[in-house]
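Structure, as structure tokens:
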Amino acid sequence: MTVPPEFDDLYSEYKTMVFSFSYHLTRNRGEAEDLYQETWLRIANKFPGGIKKQTIKAWIFTIVSNLHKDSMRKKQVRRLFFLQESKSLSQGDSETTGPADKAERAQIGKDINRAIAILPERQKRVFILKEMAGLKQAEISKILAIPKGTVKSLMHRAVKSLQKELSGYRPESIKERGKKCDVKILSV
């Protein structure tokens, strides 16, 4: 099989995002690698010549999403989806933070992941595509084959649920506890 040179450029540009999305969907490195490889194999086999730059990202994430759905159907197992946006919170800046700050940041990261894990599956998927992959609502609508209004609604509900679950990190709650924290509560 011969792939055009544009494929190499496409691979270079999106390989990290595809693997990251695959990992967030599967939450298992081995499964993520399998999904990643299957995605790029599918892209290489169906590489569209002349596809518009504006739609290529949505096309790629649609392939990842559909392959994952197929995998879930075959196994008949519902998986939880996580967002690692909190990774930077749990790592912190080693030069400016002490052990107590690192421990607090690690706890914040765990709390964020827990809050995302308990979202209903459809809300979780929309939230991950929007926040992790940086896709627009129209792109998410195409990927998940749902109306744009449904995407907006699911995102709104996901954010409201996360705000409720993470309400202890709101500035007024932190003042009550007598602590400082730089966690930004998500807003729609």
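To be explicit about the labels: the chains of the structure tokens are called A, B, and onward in the order shown, and within each one the residues are counted from 1, while ligands get numbers from 1 in the order they are shown.
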
For this session: Please identify all polymer residues within 9 Å of range 125-142 of chain A, counting only C-alpha atoms, omitting same-chain residues fewer than 5 positions from it, and present them as a PyMOL selection string.
Result: chain A and resi 17-18+20-21+24-25+55+57-59+61-62+81-85+116+120+147-152+154-155+158-159

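With only C-alpha atoms as the atoms that count, the residue of A:Lys53, A:Tyr11, A:Asn45, A:His68 with the shortest distance to Tyr23 in chain A is A:His68.
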
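For the pair CA of Asp111 in chain A and CA of Leu144 in chain A, the separation is 27.2 Å.
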
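Between Ser167 in chain A and the residues A:Ile143, A:Gly30, A:Ile112, A:Asn66, the shortest atom-to-atom distance, using only C-alpha atoms, involves A:Ile112.
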
Exercise. What is the distance between CA of Leu162 in chain A and CA of Leu119 in chain A, in Å to one decimal?
Worked result: 8.1 Å

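Note that CA of Ala145 in chain A and CA of Arg114 in chain A are 27.1 Å apart.
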